[in-house]
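Data block below; observations after.
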There are 2 protein chains.
Amino acid sequence: MKNTKELIPACIETPRVATDAVIFAVIDGALKVLLIRIGRGTYEGQWALPGGLVRMDESLDRAAERILSEKAGVDGIYLEQLGAFGDLDRDRRGRNVSIAYFALVNGEEYLPHTIEYYSDIAWKDVSRLPELAFDHAKIVTTGIDRLRNKLGYSNIAYGLLPKEFTLTELQTVYESILDRPLDKRNFRKKIVGIGLVKETGKIRKSGPSRPARLYSFADRKPKMVDVL
Amino acid sequence: MKNTKELIPACIETPRVATDAVIFAVIDGALKVLLIRIGRGTYEGQWALPGGLVRMDESLDRAAERILSEKAGVDGIYLEQLGAFGDLDRDRRGRNVSIAYFALVNGEEYLPHTIEYYSDIAWKDVSRLPELAFDHAKIVTTGIDRLRNKLGYSNIAYGLLPKEFTLTELQTVYESILDRPLDKRNFRKKIVGIGLVKETGKIRKSGPSRPARLYSFADRKPKMVDVL
């Protein structure tokens with residue numbers, strides 16, 4: 001049977017398109033996610049991921065960058081698509097589909113600042129999240145699963161660390177994300193052995209602890225490598 | 001600064017939401033994808049993935065199932081989300097975002113039949129694809145990458161095989177997807193060793209070749225296992 005009309009008839013109404021960002025950082029030895037507090041409206045006072053509607057004249061990636069910049073002041077970081085979330089009841093204000101993105105930032109260097117729409121913005125420990133608006137708890141859980149997964153076969157952790165760091169700091173990042181302790185000797189042997197990080201030749205002397213060698217990632221762009 | 005309006009103002013127009021399905025099968029030792037030929041309209045005569053618009057009253061998963069059933073007669077298979085594709089120029093008929101899904105079927109058992117909208121439907125060898133409408137070439141490439149990737153760490157191949165098969169048939173499926181030969185002895189040792197498949201106790205005698213043991217997958221639902 002032949003089609004007698006266009007495949008995309010204007011008469012069919014479809015959900016609207018939004019984007020949300022799951023931004024992770026490891027701060028004080030804990031994996032945290034960046035949340036905003038909605039200033040008013042249906043979800044006033046509730047915590048949520050920074051997000052917004054995709055415009056007609058921007059690609060999904062561009063929309064994710066713009067909205068993250070507008071809503072949370074986060075700029076110039078690589079956002080990876082996490083997936084589309086489109087359950088019927090995800091937004092009480094009207095049907096929409098959210099294309100979620102995620103990214104990792106170095107929390108020590110990064111101070112979020114709310115720009116519009118929101119009454120507050122803060123890093124929240126993923127193990128003690130407040131109740132989240134929309135289906136954002138589901139999106140955050142999906143993001144954590146993806147992060148833990150990628151940690152095992154990529155150099156994704158570079159995004160969470162400063163340019164130079166000690167192996168103790170690196171191990172803390174891994175343990176914070178995996179939520180389990182790692183054997184120090186095996187971890188160091190593996191990490192250095194596979195060439196994930198390289199020595200900078202510098203030493204950090206801090207407080208009572210003995211001086212520690214400083215390392216940097218061999219690559220600071222996404223790369224597959226068998227880590228765990 | 002406090003928001004003085006809803007976060008999802010009705011005045012902002014957003015792209016429309018569609019879904020497309022990448023259905024793979026291994027037929028005659030080649031990885032193939034199910035394509036339909038558009039009957040008329042802007043893309044008349046061009047090959048594309050079966051797809052359509054998401055309705056207001058259905059979730060993305062449900063929409064993907066309905067559309068695949070309506071457009072290609074494929075029912076009752078597990079569809080996994082591949083990702084969202086929303087480049088500005090992906091559809092000349094109007095701005096829309098497609099949530100792509102993918103699935104594997106046993107091509108021998110499965111005979112597609114076009115139901116509406118399309119003038120033709122066929123399995124096409126991924127190594128010899130016709131020019132595809134929209135951004136479907138990009139979606140298919142993304143699907144192949146995901147499939148090759150998952151083949152290495154999951155039992156995903158079960159979807160491509162009948163309930164009982166020989167190890168030669170299983171190896172053919174792997175080689176077709178990876179597009180490279182695998183060492184027969186190592187492959188069999190690994191596949192049986194990790195418990196991906198188990199002997200059925202049955203033997204198949206066919207033609208001149210000597211009788212072959214028949215195997216079945218230990219699990220016929222998605223499971224992580226280190227295969228390659």
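For the structure tokens, the naming scheme is as follows: chains receive sequential letters (A, B, ...) according to their order of presentation, residues are indexed from 1 within each chain, and ligands are indexed from 1 in presentation order.
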
Need to verify the contact set: Lys150 in chain B, 10 Å, only C-alpha atoms, exclusion of same-chain residues closer than 4 positions in sequence. Can you return it as a ChimeraX atom specification? /B:144-146,154-157,224-228

Just write the chosen residues, all heavy atoms, as a short mmCIF file (atom, residue, chain, number, x, y, z; two decimals), in the first residue's frame.
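In the end it all went to result.cif:
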```cif
data_model
loop_
_atom_site.label_atom_id
_atom_site.label_comp_id
_atom_site.auth_asym_id
_atom_site.auth_seq_id
_atom_site.Cartn_x
_atom_site.Cartn_y
_atom_site.Cartn_z
N ILE B 144 25.97 -0.02 14.18
CA ILE B 144 26.99 -1.06 13.93
C ILE B 144 28.10 -0.95 14.99
O ILE B 144 28.54 -1.95 15.54
CB ILE B 144 27.58 -0.91 12.51
CG1 ILE B 144 26.51 -1.23 11.46
CG2 ILE B 144 28.78 -1.85 12.33
CD1 ILE B 144 26.91 -0.89 10.04
N ASP B 145 28.51 0.28 15.29
CA ASP B 145 29.55 0.47 16.31
C ASP B 145 29.09 -0.09 17.66
O ASP B 145 29.83 -0.78 18.35
CB ASP B 145 29.88 1.96 16.46
CG ASP B 145 30.60 2.53 15.25
OD1 ASP B 145 31.10 1.73 14.43
OD2 ASP B 145 30.64 3.77 15.10
N ARG B 146 27.83 0.21 18.02
CA ARG B 146 27.29 -0.27 19.29
C ARG B 146 27.24 -1.80 19.31
O ARG B 146 27.62 -2.45 20.28
CB ARG B 146 25.89 0.29 19.52
CG ARG B 146 25.17 -0.26 20.76
CD ARG B 146 25.61 0.39 22.04
NE ARG B 146 25.29 1.80 22.04
CZ ARG B 146 24.15 2.29 22.52
NH1 ARG B 146 23.26 1.50 23.08
NH2 ARG B 146 23.92 3.59 22.47
N SER B 154 28.99 -8.83 25.98
CA SER B 154 27.65 -9.30 26.33
C SER B 154 27.24 -10.51 25.49
O SER B 154 27.96 -10.92 24.59
CB SER B 154 26.62 -8.17 26.10
OG SER B 154 26.28 -8.10 24.73
N ASN B 155 26.09 -11.07 25.81
CA ASN B 155 25.58 -12.23 25.05
C ASN B 155 24.62 -11.77 23.94
O ASN B 155 23.76 -12.53 23.50
CB ASN B 155 24.86 -13.18 26.01
CG ASN B 155 23.61 -12.53 26.61
OD1 ASN B 155 23.46 -11.31 26.57
ND2 ASN B 155 22.73 -13.35 27.16
N ILE B 156 24.76 -10.53 23.53
CA ILE B 156 23.83 -9.90 22.58
C ILE B 156 23.58 -10.75 21.32
O ILE B 156 22.49 -10.70 20.74
CB ILE B 156 24.35 -8.50 22.18
CG1 ILE B 156 23.28 -7.71 21.39
CG2 ILE B 156 25.66 -8.58 21.39
CD1 ILE B 156 23.63 -6.25 21.16
N ALA B 157 24.56 -11.56 20.93
CA ALA B 157 24.43 -12.33 19.69
C ALA B 157 23.26 -13.32 19.70
O ALA B 157 22.81 -13.77 18.64
CB ALA B 157 25.74 -13.08 19.41
N MET B 224 25.80 -9.35 30.75
CA MET B 224 27.18 -8.95 30.51
C MET B 224 28.09 -10.16 30.66
O MET B 224 27.96 -10.91 31.62
CB MET B 224 27.62 -7.89 31.53
CG MET B 224 26.78 -6.64 31.55
SD MET B 224 27.34 -5.42 30.35
CE MET B 224 28.54 -4.54 31.35
N VAL B 225 28.98 -10.38 29.69
CA VAL B 225 29.95 -11.46 29.79
C VAL B 225 31.14 -11.13 28.89
O VAL B 225 30.97 -10.62 27.78
CB VAL B 225 29.30 -12.82 29.39
CG1 VAL B 225 28.55 -12.69 28.09
CG2 VAL B 225 30.34 -13.91 29.29
N ASP B 226 32.33 -11.35 29.40
CA ASP B 226 33.55 -10.98 28.68
C ASP B 226 33.85 -11.98 27.57
O ASP B 226 34.47 -13.01 27.80
CB ASP B 226 34.71 -10.90 29.68
CG ASP B 226 35.99 -10.44 29.00
OD1 ASP B 226 35.89 -9.82 27.93
OD2 ASP B 226 37.08 -10.72 29.54
N VAL B 227 33.40 -11.69 26.36
CA VAL B 227 33.50 -12.64 25.25
C VAL B 227 34.79 -12.51 24.45
O VAL B 227 35.50 -13.48 24.22
CB VAL B 227 32.30 -12.46 24.28
CG1 VAL B 227 32.39 -13.46 23.14
CG2 VAL B 227 30.99 -12.64 25.05
N LEU B 228 35.10 -11.29 24.00
CA LEU B 228 36.27 -11.12 23.11
C LEU B 228 37.44 -10.43 23.81
O LEU B 228 37.22 -9.68 24.76
CB LEU B 228 35.85 -10.32 21.88
CG LEU B 228 34.76 -10.97 21.02
CD1 LEU B 228 34.32 -9.98 19.95
CD2 LEU B 228 35.27 -12.24 20.37
#
```

Name all residues at most 6 Å from Asp120 in chain B (count only C-alpha atoms; drop same-chain ones fewer than 2 positions away) and give them as an MDAnalysis selection string. chainID B and resid 36:37 118

Using DSSP on the backbone, list every residue of range 4-227 of chain A that comes out as strand (DSSP E), and give them as an MDAnalysis selection string. chainID A and resid 16:27 30:38 47:48 51:53 80:85 96:104 118:125 197:204 212:217

Close residues, range 177-184 of chain B itself excluded, 12 Å, only C-alpha atoms, min 3 positions apart in chain, as a PyMOL selection string: chain B and resi 24-27+29-33+104+125-127+143-152+156-157+160+167-174+187-191+228

Residue neighbourhood Val97 in chain B, 12 Å, only C-alpha atoms, exclusion window fewer than 4 positions, as a PyMOL selection string: (chain A and resi 14-19+54-56+58-61+84+97-99) or (chain B and resi 14-20+51-54+83-91+134-135)

What's the 8 Å shell around Pro50 in chain B, counting only C-alpha atoms, without same-chain residues fewer than 3 positions away, as a PDB file with N, CA, C and O atoms, in the first residue's frame?
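Listed below is the output, result_38.pdb:
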```pdb
ATOM      1  N   ASP B  20      13.333   6.048  15.047  1.00  0.00           N
ATOM      2  CA  ASP B  20      13.750   5.200  13.941  1.00  0.00           C
ATOM      3  C   ASP B  20      14.346   3.924  14.517  1.00  0.00           C
ATOM      4  O   ASP B  20      14.922   3.942  15.598  1.00  0.00           O
ATOM      5  N   ALA B  21      14.197   2.819  13.780  1.00  0.00           N
ATOM      6  CA  ALA B  21      14.710   1.539  14.281  1.00  0.00           C
ATOM      7  C   ALA B  21      15.752   0.941  13.345  1.00  0.00           C
ATOM      8  O   ALA B  21      15.554   0.890  12.127  1.00  0.00           O
ATOM      9  N   VAL B  22      16.877   0.526  13.935  1.00  0.00           N
ATOM     10  CA  VAL B  22      17.928  -0.162  13.187  1.00  0.00           C
ATOM     11  C   VAL B  22      17.827  -1.640  13.564  1.00  0.00           C
ATOM     12  O   VAL B  22      18.184  -2.029  14.676  1.00  0.00           O
ATOM     13  N   LEU B  34      17.568  -3.838   8.158  1.00  0.00           N
ATOM     14  CA  LEU B  34      16.248  -3.777   7.532  1.00  0.00           C
ATOM     15  C   LEU B  34      15.938  -2.350   7.066  1.00  0.00           C
ATOM     16  O   LEU B  34      15.945  -1.416   7.866  1.00  0.00           O
ATOM     17  N   LEU B  35      15.723  -2.195   5.770  1.00  0.00           N
ATOM     18  CA  LEU B  35      15.432  -0.873   5.217  1.00  0.00           C
ATOM     19  C   LEU B  35      14.094  -0.868   4.501  1.00  0.00           C
ATOM     20  O   LEU B  35      13.661  -1.885   3.969  1.00  0.00           O
ATOM     21  N   ILE B  36      13.445   0.275   4.509  1.00  0.00           N
ATOM     22  CA  ILE B  36      12.195   0.433   3.774  1.00  0.00           C
ATOM     23  C   ILE B  36      12.439   1.466   2.664  1.00  0.00           C
ATOM     24  O   ILE B  36      13.390   2.243   2.718  1.00  0.00           O
ATOM     25  N   ILE B  67       5.650   1.854  15.992  1.00  0.00           N
ATOM     26  CA  ILE B  67       6.057   2.274  14.650  1.00  0.00           C
ATOM     27  C   ILE B  67       6.749   1.146  13.890  1.00  0.00           C
ATOM     28  O   ILE B  67       6.479   0.912  12.706  1.00  0.00           O
ATOM     29  N   LEU B  68       7.592   0.385  14.604  1.00  0.00           N
ATOM     30  CA  LEU B  68       8.275  -0.731  13.940  1.00  0.00           C
ATOM     31  C   LEU B  68       7.257  -1.777  13.493  1.00  0.00           C
ATOM     32  O   LEU B  68       7.370  -2.359  12.411  1.00  0.00           O
ATOM     33  N   LYS B  71       5.162  -0.084  10.502  1.00  0.00           N
ATOM     34  CA  LYS B  71       5.913   0.213   9.287  1.00  0.00           C
ATOM     35  C   LYS B  71       6.650  -0.983   8.690  1.00  0.00           C
ATOM     36  O   LYS B  71       6.953  -1.002   7.513  1.00  0.00           O
ATOM     37  N   ALA B  72       6.988  -1.966   9.550  1.00  0.00           N
ATOM     38  CA  ALA B  72       7.768  -3.093   9.028  1.00  0.00           C
ATOM     39  C   ALA B  72       7.250  -4.449   9.475  1.00  0.00           C
ATOM     40  O   ALA B  72       7.837  -5.481   9.151  1.00  0.00           O
TER      41      ALA B  72
END
```

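Among B:Ile77, B:Ile23, B:Leu214, B:Leu82, the residue with the shortest atom-to-atom distance to chain A, counting only C-alpha atoms, is B:Leu82.
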